[in-house]
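Student: Input structure: structure_21.csv, which contains CSV, C-alpha atoms and all ligand atoms.
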```csv
chain,number,residue,atom,x,y,z
O,605,MET,CA,201.2,-59.5,90.9
O,606,ASN,CA,202.1,-62.1,88.4
O,607,GLU,CA,199.9,-61.4,85.3
O,608,ASP,CA,198.6,-64.9,84.8
O,609,LEU,CA,197.7,-65.4,88.4
O,610,THR,CA,194.2,-66.7,89.1
O,611,ALA,CA,192.3,-67.3,92.3
O,612,GLN,CA,190.1,-70.2,93.5
O,613,GLY,CA,188.0,-70.9,96.5
O,614,LYS,CA,186.7,-74.0,98.3
O,615,CYS,CA,183.0,-74.5,98.9
O,616,LEU,CA,182.2,-74.7,102.6
O,617,PHE,CA,179.4,-77.2,101.9
O,618,CYS,CA,181.0,-79.8,99.6
O,619,ASN,CA,184.7,-78.9,99.8
O,620,ALA,CA,185.0,-78.7,96.0
O,621,MET,CA,187.3,-76.0,94.5
O,622,PHE,CA,186.1,-73.5,92.0
O,623,PRO,CA,187.6,-70.6,90.1
O,624,GLN,CA,186.8,-67.1,91.5
O,625,LYS,CA,184.2,-66.4,88.9
O,626,GLN,CA,182.2,-69.6,89.5
O,627,ILE,CA,182.3,-70.1,93.3
O,628,GLY,CA,179.5,-67.6,93.8
O,629,ILE,CA,177.1,-69.4,91.4
O,630,HIS,CA,178.1,-72.7,93.0
O,631,LEU,CA,177.4,-71.5,96.5
O,632,LYS,CA,174.0,-70.2,95.3
O,633,LYS,CA,173.0,-73.7,94.4
O,634,HIS,CA,173.6,-75.0,97.9
O,635,LEU,CA,171.9,-72.1,99.6
O,636,ALA,CA,168.8,-72.2,97.3
O,637,LEU,CA,168.5,-76.0,97.9
O,638,GLN,CA,168.8,-75.5,101.6
O,639,GLU,CA,166.3,-72.7,101.6
O,640,LYS,CA,163.8,-74.9,99.7
O,641,SER,CA,164.1,-77.8,102.2
O,642,GLU,CA,163.6,-75.6,105.3
O,643,SER,CA,160.3,-75.3,107.1
O,644,ALA,CA,159.4,-71.7,107.3
O,645,GLN,CA,159.0,-71.3,111.1
O,646,HIS,CA,162.7,-72.0,111.6
O,647,THR,CA,164.2,-69.7,109.1
O,648,LYS,CA,165.7,-66.2,109.4
O,649,LYS,CA,166.7,-63.7,106.8
O,650,PHE,CA,170.3,-63.9,105.6
O,651,SER,CA,172.3,-62.1,102.9
O,652,HIS,CA,175.0,-63.6,100.8
O,653,ILE,CA,177.7,-60.9,100.5
O,654,LEU,CA,180.8,-60.9,98.3
O,655,ILE,CA,183.7,-58.9,99.6
O,656,ASP,CA,186.6,-58.5,97.2
O,657,SER,CA,189.7,-56.8,96.1
O,658,GLY,CA,191.2,-58.1,92.8
O,659,LEU,CA,192.0,-61.8,93.3
O,660,MET,CA,191.2,-61.8,96.9
O,661,PHE,CA,187.6,-62.5,97.9
O,662,LEU,CA,185.4,-63.6,100.8
O,663,HIS,CA,181.9,-65.0,100.4
O,664,VAL,CA,179.9,-64.6,103.6
O,665,LEU,CA,176.4,-65.4,104.7
O,666,ILE,CA,175.3,-62.9,107.3
O,667,ASN,CA,172.1,-62.5,109.3
O,668,ASP,CA,170.1,-59.5,108.1
O,669,TYR,CA,169.5,-58.2,111.6
O,670,SER,CA,173.2,-58.1,112.4
O,671,LYS,CA,174.8,-54.7,112.5
O,672,MET,CA,177.6,-53.5,110.2
O,673,GLU,CA,179.9,-53.6,113.1
O,674,LEU,CA,179.8,-57.5,112.9
O,675,LEU,CA,181.1,-57.2,109.3
O,676,ASP,CA,183.7,-54.7,110.5
O,677,SER,CA,185.1,-57.0,113.2
O,678,PHE,CA,185.1,-60.0,110.9
O,679,LEU,CA,187.0,-58.0,108.3
O,680,ARG,CA,189.5,-56.9,110.9
O,681,ASP,CA,190.0,-60.4,112.1
O,682,ILE,CA,190.5,-62.1,108.7
O,683,TRP,CA,192.0,-59.4,106.5
O,684,MET,CA,192.8,-56.0,108.1
O,685,ASP,CA,193.8,-55.4,111.6
O,686,CYS,CA,197.4,-54.4,112.3
O,687,CYS,CA,197.3,-51.9,115.0
O,688,GLY,CA,193.7,-50.9,115.6
O,689,HIS,CA,193.2,-48.3,113.0
O,690,MET,CA,189.9,-46.6,112.2
O,691,SER,CA,187.6,-48.1,109.6
O,692,GLY,CA,184.3,-47.4,107.8
O,693,PHE,CA,181.8,-48.5,105.3
O,694,PHE,CA,180.8,-46.1,102.6
O,695,THR,CA,178.5,-45.6,99.7
O,696,LYS,CA,179.6,-43.3,96.9
O,697,THR,CA,178.3,-40.3,98.8
O,698,SER,CA,178.3,-41.0,102.5
O,699,GLU,CA,179.5,-43.1,105.4
O,700,ILE,CA,177.3,-45.9,106.7
O,701,SER,CA,176.9,-46.1,110.5
O,702,MET,CA,178.3,-49.2,112.2
O,703,ASN,CA,174.9,-49.5,114.0
O,704,GLN,CA,172.9,-49.9,110.8
O,705,ARG,CA,171.5,-53.4,110.2
O,706,ILE,CA,172.6,-55.4,107.1
O,707,LYS,CA,169.0,-55.4,105.8
O,708,ASP,CA,168.9,-51.6,105.8
O,709,VAL,CA,172.2,-51.2,104.0
O,710,PHE,CA,172.3,-53.8,101.3
O,711,PRO,CA,169.0,-53.8,99.4
O,712,ASP,CA,170.0,-50.4,97.8
O,713,LYS,CA,172.1,-52.1,95.1
O,714,GLU,CA,174.4,-49.2,95.6
O,715,LYS,CA,178.1,-50.2,95.6
O,716,ILE,CA,179.5,-50.3,99.1
O,717,PHE,CA,183.1,-50.2,100.0
O,718,TYR,CA,185.1,-50.6,103.2
O,719,GLU,CA,188.1,-48.8,104.2
O,720,TYR,CA,190.5,-49.8,106.9
O,721,ASP,CA,193.1,-47.2,108.2
O,722,PHE,CA,192.6,-43.7,106.8
O,723,GLY,CA,196.4,-43.3,106.5
O,724,THR,CA,197.8,-46.3,104.6
O,725,THR,CA,194.3,-47.2,103.5
O,726,THR,CA,193.2,-50.7,102.4
O,727,GLN,CA,189.9,-50.6,100.4
O,728,VAL,CA,187.7,-53.5,99.5
O,729,ASN,CA,184.3,-53.7,97.7
O,730,LEU,CA,181.1,-55.2,99.0
O,731,LYS,CA,178.0,-56.3,97.2
O,732,VAL,CA,175.0,-58.5,98.0
O,733,LEU,CA,174.5,-61.5,95.8
O,734,ARG,CA,171.2,-62.7,97.1
O,735,HIS,CA,168.9,-62.8,100.2
O,736,TYR,CA,167.7,-66.1,101.7
O,737,ASP,CA,165.2,-67.4,104.3
O,738,ILE,CA,167.4,-70.0,105.8
O,739,ASN,CA,168.4,-71.6,109.1
O,740,MET,CA,172.0,-71.0,110.0
O,741,LYS,CA,173.4,-71.3,113.5
O,742,ASP,CA,175.9,-68.4,113.3
O,743,HIS,CA,175.2,-64.8,112.5
O,744,LEU,CA,178.1,-64.8,110.1
O,745,THR,CA,179.4,-67.8,108.1
O,746,LEU,CA,182.4,-67.8,105.8
O,747,LEU,CA,181.2,-69.7,102.8
O,748,SER,CA,184.4,-69.5,100.7
O,749,ARG,CA,187.6,-67.5,100.5
O,750,ASN,CA,190.4,-67.4,97.9
O,751,GLU,CA,193.1,-69.9,98.6
O,752,PRO,CA,196.6,-68.4,99.0
O,753,LEU,CA,197.7,-67.1,95.6
O,754,GLU,CA,200.6,-68.7,93.8
O,755,LEU,CA,202.8,-65.6,94.1
O,756,VAL,CA,206.2,-66.2,92.6
O,757,CYS,CA,209.4,-64.4,93.6
O,758,THR,CA,209.8,-61.4,91.4
O,759,GLU,CA,213.6,-61.7,91.5
O,760,CYS,CA,214.4,-65.3,90.5
O,761,GLU,CA,210.9,-66.0,89.1
O,762,LYS,CA,211.2,-69.6,90.2
O,763,GLU,CA,210.4,-70.0,93.9
O,764,TYR,CA,207.3,-69.1,95.7
O,765,ALA,CA,207.4,-65.8,97.6
O,766,LEU,CA,207.6,-65.6,101.4
O,767,HIS,CA,208.4,-62.0,101.9
O,768,ILE,CA,207.4,-58.7,100.4
O,769,CYS,CA,209.6,-55.5,100.7
O,770,SER,CA,207.2,-52.8,101.7
O,771,VAL,CA,209.6,-50.0,100.8
O,772,CYS,CA,210.5,-51.3,97.3
O,773,SER,CA,206.9,-52.3,96.5
O,774,TYR,CA,206.0,-48.7,96.1
O,775,ASP,CA,205.5,-48.8,92.3
O,776,GLU,CA,205.4,-52.5,91.7
O,777,TYR,CA,205.3,-55.4,94.2
O,778,VAL,CA,208.6,-56.9,95.1
O,779,TYR,CA,208.0,-60.5,96.3
O,780,LEU,CA,210.9,-62.5,97.5
O,781,CYS,CA,211.7,-66.1,98.1
O,782,LYS,CA,213.9,-67.1,101.0
O,783,LYS,CA,217.1,-67.0,99.0
O,784,CYS,CA,216.4,-63.7,97.3
O,785,ALA,CA,215.3,-62.1,100.6
O,786,LYS,CA,218.8,-62.8,101.9
O,787,LYS,CA,220.2,-61.0,98.8
O,788,HIS,CA,217.8,-58.2,99.1
O,789,GLU,CA,218.9,-57.5,102.7
O,790,LYS,CA,222.3,-56.6,101.2
O,791,ILE,CA,221.0,-53.9,98.8
O,792,CYS,CA,218.1,-52.6,100.8
O,793,GLU,CA,218.8,-51.4,104.3
O,794,ASP,CA,215.1,-50.7,105.0
O,795,PHE,CA,214.3,-54.4,104.3
O,796,LYS,CA,216.6,-55.5,107.0
O,797,ASP,CA,215.4,-52.9,109.5
O,798,TYR,CA,211.6,-52.9,109.1
O,799,ALA,CA,210.4,-53.3,105.5
O,800,SER,CA,210.4,-57.1,105.4
O,801,MET,CA,206.8,-58.2,105.6
O,802,PRO,CA,205.4,-61.7,105.3
O,803,VAL,CA,203.3,-62.7,102.2
O,804,VAL,CA,199.8,-63.1,103.6
O,805,ASN,CA,196.4,-63.9,102.1
O,806,SER,CA,194.9,-60.4,102.5
O,807,PRO,CA,194.6,-57.2,100.5
O,808,ARG,CA,196.4,-55.5,103.3
O,809,MET,CA,199.6,-57.5,102.6
O,810,GLY,CA,202.7,-55.3,103.0
O,811,ASP,CA,200.8,-52.4,104.5
O,812,CYS,CA,201.7,-50.8,107.9
O,813,GLY,CA,202.4,-53.6,110.3
O,814,TYR,CA,200.1,-56.2,108.9
O,815,THR,CA,201.3,-59.8,109.4
O,816,GLY,CA,198.2,-61.9,108.9
O,817,GLY,CA,194.7,-62.6,110.3
O,818,VAL,CA,193.6,-64.2,113.5
O,819,ILE,CA,190.8,-66.3,112.2
O,820,ASP,CA,190.8,-68.9,109.3
O,821,THR,CA,194.5,-68.9,109.7
O,822,GLU,CA,195.1,-72.2,107.9
O,823,ARG,CA,194.2,-70.4,104.6
O,824,ASP,CA,196.3,-67.4,105.4
O,825,GLY,CA,200.0,-67.0,104.6
O,826,THR,CA,201.8,-68.2,101.5
O,827,PHE,CA,200.9,-70.7,98.8
O,828,GLN,CA,201.9,-74.2,99.7
O,829,LYS,CA,202.6,-76.8,97.1
O,830,LYS,CA,200.3,-79.8,97.7
H,901,ZN,ZN,179.7,-77.1,97.1
H,902,ZN,ZN,198.9,-50.4,111.4
H,903,ZN,ZN,213.8,-65.7,94.5
H,904,ZN,ZN,213.6,-53.3,99.5
```
Could I get this structure in the form of structure tokens?
Tutor:
Amino acid sequence: MNEDLTAQGKCLFCNAMFPQKQIGIHLKKHLALQEKSESAQHTKKFSHILIDSGLMFLHVLINDYSKMELLDSFLRDIWMDCCGHMSGFFTKTSEISMNQRIKDVFPDKEKIFYEYDFGTTTQVNLKVLRHYDINMKDHLTLLSRNEPLELVCTECEKEYALHICSVCSYDEYVYLCKKCAKKHEKICEDFKDYASMPVVNSPRMGDCGYTGGVIDTERDGTFQKK
């Protein structure tokens, strides 16, 4: 990826944009305020969880009584699923059952990670930021997510990238704009055949047959100049 690349995310509550490092603290303010204003008999226990991989991140609020399989299916929908591979949550030493409840997994302070596809594996990190007694309608709410990264074509270094060559990206990512993709076709037979993959807003970009998520699709795909 381009070295000076940064990520930012929009706040679900007020629509303001914040850098990756600050959005978590900002969301905490909204959640704490809401928690304070709530009458106790209507609240349930929720956890604010950060899922990330480099510049890509998801802030979610999830009901503590939900099972890990809810997080699994969410991650599949937004970031991972190409052809129904296996997946799992892990601590350093063991696998976490999909039937475990959020509340029994996350208080440990242990680092948790998620793997999708045990062949061409995509791995992301999870950690709990805080627990809340709060009233939320949904069991899982996406609070923020990194906006599409400003990935520039690695050939011309001018245009924004639309494609990635999954074969040539073995050592270093090869991002291509429309024009340079046409040129790449001529020198890379694989690209023409199967290795041309779309730039998507997911850590699974370029892996296996991944072409994008099925939820929150307006923030998937390539960076768009406003
Ligand atoms: Zn906000
Ligand atoms: Zn696949
Ligand atoms: Zn280009
Ligand atoms: Zn190639």
Student: Residues up to 6 Å from ligand ZN 901 (chain H), counting only C-alpha atoms and all ligand atoms: could you list those as a PyMOL selection string?
Tutor: chain O and resi 615+617-620
Student: Print the selection's residues with C-alpha atoms to a file, as an mmCIF file, in the frame of the given file.
Tutor:
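That gives us selection-v7.cif:
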```
data_model
loop_
_atom_site.group_PDB
_atom_site.id
_atom_site.type_symbol
_atom_site.label_atom_id
_atom_site.label_comp_id
_atom_site.auth_asym_id
_atom_site.auth_seq_id
_atom_site.Cartn_x
_atom_site.Cartn_y
_atom_site.Cartn_z
ATOM 1 C CA CYS O 615 183.000 -74.500 98.900
ATOM 2 C CA PHE O 617 179.400 -77.200 101.900
ATOM 3 C CA CYS O 618 181.000 -79.800 99.600
ATOM 4 C CA ASN O 619 184.700 -78.900 99.800
ATOM 5 C CA ALA O 620 185.000 -78.700 96.000
#
```
Student: If you take all atoms listed in the file and a cut-off of 10 Å, which residues of chain O touch ligand ZN 902 (chain H), and what are their nearest atom pairs and distances in Å to one decimal, in chain and number order, as CSV?
Tutor:
```
residue,atom,partner,partner_atom,distance
O:Met684,CA,H:ZN902,ZN,8.9
O:Asp685,CA,H:ZN902,ZN,7.1
O:Cys686,CA,H:ZN902,ZN,4.4
O:Cys687,CA,H:ZN902,ZN,4.2
O:Gly688,CA,H:ZN902,ZN,6.7
O:His689,CA,H:ZN902,ZN,6.3
O:Met690,CA,H:ZN902,ZN,9.8
O:Tyr720,CA,H:ZN902,ZN,9.5
O:Asp721,CA,H:ZN902,ZN,7.4
O:Gly723,CA,H:ZN902,ZN,9.0
O:Thr724,CA,H:ZN902,ZN,8.0
O:Thr725,CA,H:ZN902,ZN,9.7
O:Arg808,CA,H:ZN902,ZN,9.9
O:Asp811,CA,H:ZN902,ZN,7.4
O:Cys812,CA,H:ZN902,ZN,4.5
O:Gly813,CA,H:ZN902,ZN,4.9
O:Tyr814,CA,H:ZN902,ZN,6.4
O:Thr815,CA,H:ZN902,ZN,9.9
```
Student: Please, could you write that set of residues out with C-alpha atoms as a PDB file, in the coordinates of the input?
Tutor:
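File again.pdb, as written:
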```pdb
ATOM      1  CA  MET O 684     192.800 -56.000 108.100  1.00  0.00           C
ATOM      2  CA  ASP O 685     193.800 -55.400 111.600  1.00  0.00           C
ATOM      3  CA  CYS O 686     197.400 -54.400 112.300  1.00  0.00           C
ATOM      4  CA  CYS O 687     197.300 -51.900 115.000  1.00  0.00           C
ATOM      5  CA  GLY O 688     193.700 -50.900 115.600  1.00  0.00           C
ATOM      6  CA  HIS O 689     193.200 -48.300 113.000  1.00  0.00           C
ATOM      7  CA  MET O 690     189.900 -46.600 112.200  1.00  0.00           C
ATOM      8  CA  TYR O 720     190.500 -49.800 106.900  1.00  0.00           C
ATOM      9  CA  ASP O 721     193.100 -47.200 108.200  1.00  0.00           C
ATOM     10  CA  GLY O 723     196.400 -43.300 106.500  1.00  0.00           C
ATOM     11  CA  THR O 724     197.800 -46.300 104.600  1.00  0.00           C
ATOM     12  CA  THR O 725     194.300 -47.200 103.500  1.00  0.00           C
ATOM     13  CA  ARG O 808     196.400 -55.500 103.300  1.00  0.00           C
ATOM     14  CA  ASP O 811     200.800 -52.400 104.500  1.00  0.00           C
ATOM     15  CA  CYS O 812     201.700 -50.800 107.900  1.00  0.00           C
ATOM     16  CA  GLY O 813     202.400 -53.600 110.300  1.00  0.00           C
ATOM     17  CA  TYR O 814     200.100 -56.200 108.900  1.00  0.00           C
ATOM     18  CA  THR O 815     201.300 -59.800 109.400  1.00  0.00           C
TER      19      THR O 815
END
```
Student: Take CA of Asp737 in chain O and CA of Phe661 in chain O and report the distance between them in Å, one decimal.
Tutor: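 The value is 23.8 Å.
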Student: Applying 8 Å and all atoms listed in the file, which residues near Met740 in chain O remain after dropping the ones on its own chain fewer than 3 positions away? List them as a ChimeraX atom specification.
Tutor: /O:647-648,743
Student: Please, which residues in chain O fall within 7 Å of ligand ZN 903 (chain H) when counting only C-alpha atoms and all ligand atoms, and what is the closest atom pair and distance in Å to one decimal for each, ordered by chain then residue number, as a tab-separated table?
Tutor:
```
residue	atom	partner	partner_atom	distance
O:Cys757	CA	H:ZN903	ZN	4.7
O:Thr758	CA	H:ZN903	ZN	6.6
O:Glu759	CA	H:ZN903	ZN	5.0
O:Cys760	CA	H:ZN903	ZN	4.1
O:Glu761	CA	H:ZN903	ZN	6.1
O:Lys762	CA	H:ZN903	ZN	6.4
O:Glu763	CA	H:ZN903	ZN	5.5
O:Leu780	CA	H:ZN903	ZN	5.3
O:Cys781	CA	H:ZN903	ZN	4.2
O:Lys782	CA	H:ZN903	ZN	6.6
O:Lys783	CA	H:ZN903	ZN	5.7
O:Cys784	CA	H:ZN903	ZN	4.3
```
Student: Since we have the selection now, will you write its residues out, keeping C-alpha atoms, as an mmCIF file, in the coordinates of the input?
Tutor:
```cif
data_model
loop_
_atom_site.group_PDB
_atom_site.id
_atom_site.type_symbol
_atom_site.label_atom_id
_atom_site.label_comp_id
_atom_site.auth_asym_id
_atom_site.auth_seq_id
_atom_site.Cartn_x
_atom_site.Cartn_y
_atom_site.Cartn_z
ATOM 1 C CA CYS O 757 209.400 -64.400 93.600
ATOM 2 C CA THR O 758 209.800 -61.400 91.400
ATOM 3 C CA GLU O 759 213.600 -61.700 91.500
ATOM 4 C CA CYS O 760 214.400 -65.300 90.500
ATOM 5 C CA GLU O 761 210.900 -66.000 89.100
ATOM 6 C CA LYS O 762 211.200 -69.600 90.200
ATOM 7 C CA GLU O 763 210.400 -70.000 93.900
ATOM 8 C CA LEU O 780 210.900 -62.500 97.500
ATOM 9 C CA CYS O 781 211.700 -66.100 98.100
ATOM 10 C CA LYS O 782 213.900 -67.100 101.000
ATOM 11 C CA LYS O 783 217.100 -67.000 99.000
ATOM 12 C CA CYS O 784 216.400 -63.700 97.300
#
```
Student: Please identify all protein, DNA and RNA residues within 9 Å of ligand ZN 904 (chain H), counting only C-alpha atoms and all ligand atoms, and report them as an NGL selection string.
Tutor: :O and (768-773 or 778 or 788-789 or 791-796 or 799-800)
Student: Write out as number ranges by chain the residues lying within 8 Å of Pro802 in chain O, counting only C-alpha atoms and excluding same-chain residues fewer than 5 positions away.
Tutor: O: 766-768, 809-810, 815, 825
Student: Considering only C-alpha atoms, state which residue in the set O:Ile738, O:Leu662, O:Leu733, O:Leu746 is at the smallest distance from Lys640 in chain O.
Tutor: O:Ile738
Student: Please, what distance in Å, to one decimal, runs between CA of Thr745 in chain O and CA of Gln828 in chain O?
Tutor: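 If I compute the distance from CA of Thr745 in chain O to CA of Gln828 in chain O, I get 24.9 Å.
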Student: Hey, which of O:Lys715, O:Lys625, O:Lys741, O:Lys696 ends up closest to Asn667 in chain O? Count only C-alpha atoms.
Tutor: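 Checking each of O:Lys715, O:Lys625, O:Lys741, O:Lys696 against Asn667 in chain O, counting only C-alpha atoms, the winner is O:Lys741.
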Student: Using all atoms listed in the file, which residue out of O:Lys649, O:His630, O:Lys671, O:Arg749 lies closest to Ser701 in chain O?
Tutor: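 For Ser701 in chain O, the nearest of the given residues is O:Lys671.
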Student: Using all atoms listed in the file, which of the listed residues (O:Phe622, O:Phe717, O:Tyr764, O:Trp683) sits closest to Ile653 in chain O?
Tutor: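 Answer, going by the shortest atom-to-atom distance: O:Phe717.
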